[in-house]
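**Q** Please find one structure pasted underneath; my questions will follow.
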Amino acid sequence: MGGCVKHECGQTSPVICDVHEYLKADNKVSEDGLKLLDSHINGETLDYATFDLLKDYYVDEEGDMAWTSQQLDLIDRFGINNYLIGQL
């Protein structure tokens, strides 16, 4: 077909080893992603299949963000050490 397969290195992300920092970074990614997704769902004319797919993904991502926010709240209330003990 005359095409050329290319595999290029993308932008790297830092490895976060601290649980609290990881959860904060994950929450930020979710917030940014939901804003972007919201603009695509509400700002464009989409076919029904794409709209349903994006809507379901949005709802799932909202659930993920709610869970992460809850974990951050637990860390703020009880401290990281008590939080980690509770995870065992």
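Residue numbering restarts at 1 in every chain; chains get A, B, ... in the order shown in the structure tokens, and ligands count up from 1 in that same order.
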Taking the chain letters and numbering used in this document, name the residues of chain A that DSSP puts in alpha helix (DSSP H), as a count of residues only.
**A** 64
**Q** Which residue gives the smallest distance to A:Gln71 among A:Thr50, A:Asn27, A:Thr45, A:Gln11, with only C-alpha atoms counted?
**A**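 For A:Gln71, the nearest of the given residues is A:Asn27.
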**Q** Fewer than 5 positions away in the same chain doesn't count, so skip those; otherwise give me all residues within 12 Å of stretch 77-86 of chain A, counting only C-alpha atoms, as a PyMOL selection string.
**A** chain A and resi 18-21+23+70-72
**Q** Write the residues you've just listed into a file as a compact mmCIF listing (two decimals), in the first residue's frame, and include N, CA and C atoms for each of them.
**A**
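Written out: result_23.txt:
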```
# COMPACT_ATOMS: atom_id res chain seq x y z
N ASP A 18 6.45 8.29 45.60
CA ASP A 18 5.71 8.68 46.81
C ASP A 18 4.21 8.54 46.55
N VAL A 19 3.51 7.80 47.40
CA VAL A 19 2.10 7.50 47.20
C VAL A 19 1.26 8.77 47.15
N HIS A 20 1.49 9.68 48.07
CA HIS A 20 0.70 10.92 48.12
C HIS A 20 0.91 11.74 46.86
N GLU A 21 2.16 11.88 46.45
CA GLU A 21 2.47 12.64 45.24
C GLU A 21 1.89 11.97 44.00
N LEU A 23 -0.84 10.08 43.86
CA LEU A 23 -2.28 10.31 43.84
C LEU A 23 -2.62 11.74 43.42
N GLN A 70 -11.02 10.88 47.14
CA GLN A 70 -11.32 10.28 48.44
C GLN A 70 -10.05 9.80 49.12
N GLN A 71 -9.15 9.19 48.37
CA GLN A 71 -7.88 8.72 48.94
C GLN A 71 -7.04 9.89 49.44
N LEU A 72 -7.02 10.97 48.66
CA LEU A 72 -6.27 12.16 49.09
C LEU A 72 -6.88 12.76 50.35
```
**Q** Go ahead and compute the interatomic distance for atom CA of A:Gly33 and atom CA of A:Cys9, in Å to one decimal.
**A**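 Distance reported for this atom pair: 21.8 Å.
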**Q** So which residues touch A:Ala25 within 12 Å, counting only C-alpha atoms, skipping near sequence neighbours fewer than 3 positions away, as a list in words?
**A**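 Close residues of A:Ala25: Ser13, Pro14, Val15, Ile16, Cys17, Asp18, Val19, His20, Glu21, Tyr22, Lys28, Val29, Ser30, Glu31, Asp32, Met65, Thr68, Ser69 and Leu72 of chain A.
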**Q** For the selection you just gave me, I'd like the residues written to a file as a PDB file, in the first residue's frame, keeping N, CA and C atoms.
**A**
```pdb
ATOM      1  N   SER A  13       7.365  10.484  31.035  1.00  0.00           N
ATOM      2  CA  SER A  13       6.758  10.996  32.260  1.00  0.00           C
ATOM      3  C   SER A  13       7.641  10.604  33.431  1.00  0.00           C
ATOM      4  N   PRO A  14       7.685  11.437  34.449  1.00  0.00           N
ATOM      5  CA  PRO A  14       8.509  11.083  35.609  1.00  0.00           C
ATOM      6  C   PRO A  14       7.908   9.898  36.370  1.00  0.00           C
ATOM      7  N   VAL A  15       8.764   9.119  36.995  1.00  0.00           N
ATOM      8  CA  VAL A  15       8.317   8.023  37.840  1.00  0.00           C
ATOM      9  C   VAL A  15       8.138   8.579  39.246  1.00  0.00           C
ATOM     10  N   ILE A  16       6.929   8.470  39.765  1.00  0.00           N
ATOM     11  CA  ILE A  16       6.623   9.015  41.090  1.00  0.00           C
ATOM     12  C   ILE A  16       6.534   7.854  42.068  1.00  0.00           C
ATOM     13  N   CYS A  17       7.412   7.852  43.056  1.00  0.00           N
ATOM     14  CA  CYS A  17       7.479   6.752  44.025  1.00  0.00           C
ATOM     15  C   CYS A  17       6.703   7.042  45.305  1.00  0.00           C
ATOM     16  N   ASP A  18       6.451   8.293  45.601  1.00  0.00           N
ATOM     17  CA  ASP A  18       5.712   8.683  46.808  1.00  0.00           C
ATOM     18  C   ASP A  18       4.213   8.537  46.545  1.00  0.00           C
ATOM     19  N   VAL A  19       3.514   7.795  47.396  1.00  0.00           N
ATOM     20  CA  VAL A  19       2.096   7.498  47.199  1.00  0.00           C
ATOM     21  C   VAL A  19       1.257   8.771  47.146  1.00  0.00           C
ATOM     22  N   HIS A  20       1.486   9.675  48.066  1.00  0.00           N
ATOM     23  CA  HIS A  20       0.704  10.919  48.118  1.00  0.00           C
ATOM     24  C   HIS A  20       0.913  11.745  46.857  1.00  0.00           C
ATOM     25  N   GLU A  21       2.164  11.881  46.453  1.00  0.00           N
ATOM     26  CA  GLU A  21       2.472  12.645  45.236  1.00  0.00           C
ATOM     27  C   GLU A  21       1.887  11.969  43.995  1.00  0.00           C
ATOM     28  N   TYR A  22       1.924  10.639  43.979  1.00  0.00           N
ATOM     29  CA  TYR A  22       1.358   9.899  42.847  1.00  0.00           C
ATOM     30  C   TYR A  22      -0.141  10.153  42.737  1.00  0.00           C
ATOM     31  N   LYS A  28      -4.628  15.189  39.020  1.00  0.00           N
ATOM     32  CA  LYS A  28      -4.415  16.295  38.069  1.00  0.00           C
ATOM     33  C   LYS A  28      -4.631  15.818  36.640  1.00  0.00           C
ATOM     34  N   VAL A  29      -4.125  14.629  36.320  1.00  0.00           N
ATOM     35  CA  VAL A  29      -4.311  14.063  34.980  1.00  0.00           C
ATOM     36  C   VAL A  29      -5.798  13.858  34.699  1.00  0.00           C
ATOM     37  N   SER A  30      -6.521  13.366  35.700  1.00  0.00           N
ATOM     38  CA  SER A  30      -7.963  13.162  35.530  1.00  0.00           C
ATOM     39  C   SER A  30      -8.697  14.481  35.317  1.00  0.00           C
ATOM     40  N   GLU A  31      -8.346  15.489  36.103  1.00  0.00           N
ATOM     41  CA  GLU A  31      -8.988  16.806  35.949  1.00  0.00           C
ATOM     42  C   GLU A  31      -8.757  17.364  34.553  1.00  0.00           C
ATOM     43  N   ASP A  32      -7.500  17.315  34.106  1.00  0.00           N
ATOM     44  CA  ASP A  32      -7.172  17.839  32.782  1.00  0.00           C
ATOM     45  C   ASP A  32      -7.862  17.033  31.683  1.00  0.00           C
ATOM     46  N   MET A  65     -11.678   9.711  39.315  1.00  0.00           N
ATOM     47  CA  MET A  65     -11.260  10.949  39.978  1.00  0.00           C
ATOM     48  C   MET A  65     -11.890  11.050  41.369  1.00  0.00           C
ATOM     49  N   THR A  68      -9.850   8.792  43.654  1.00  0.00           N
ATOM     50  CA  THR A  68      -8.555   9.398  43.955  1.00  0.00           C
ATOM     51  C   THR A  68      -8.712  10.551  44.930  1.00  0.00           C
ATOM     52  N   SER A  69      -9.732  11.371  44.736  1.00  0.00           N
ATOM     53  CA  SER A  69      -9.985  12.485  45.657  1.00  0.00           C
ATOM     54  C   SER A  69     -10.289  11.976  47.062  1.00  0.00           C
ATOM     55  N   LEU A  72      -7.018  10.970  48.663  1.00  0.00           N
ATOM     56  CA  LEU A  72      -6.275  12.165  49.091  1.00  0.00           C
ATOM     57  C   LEU A  72      -6.881  12.757  50.353  1.00  0.00           C
TER      58      LEU A  72
END
```
**Q** So how far away is atom CA of A:Trp67 from atom CA of A:Lys35, in Å?
**A** 17.7 Å
**Q** Fewer than 3 positions away in the same chain doesn't count, so skip those; otherwise give me all residues within 8 Å of A:Leu34, counting only C-alpha atoms, as a ChimeraX atom specification.
**A** /A:30-31,37-38,58,61-62
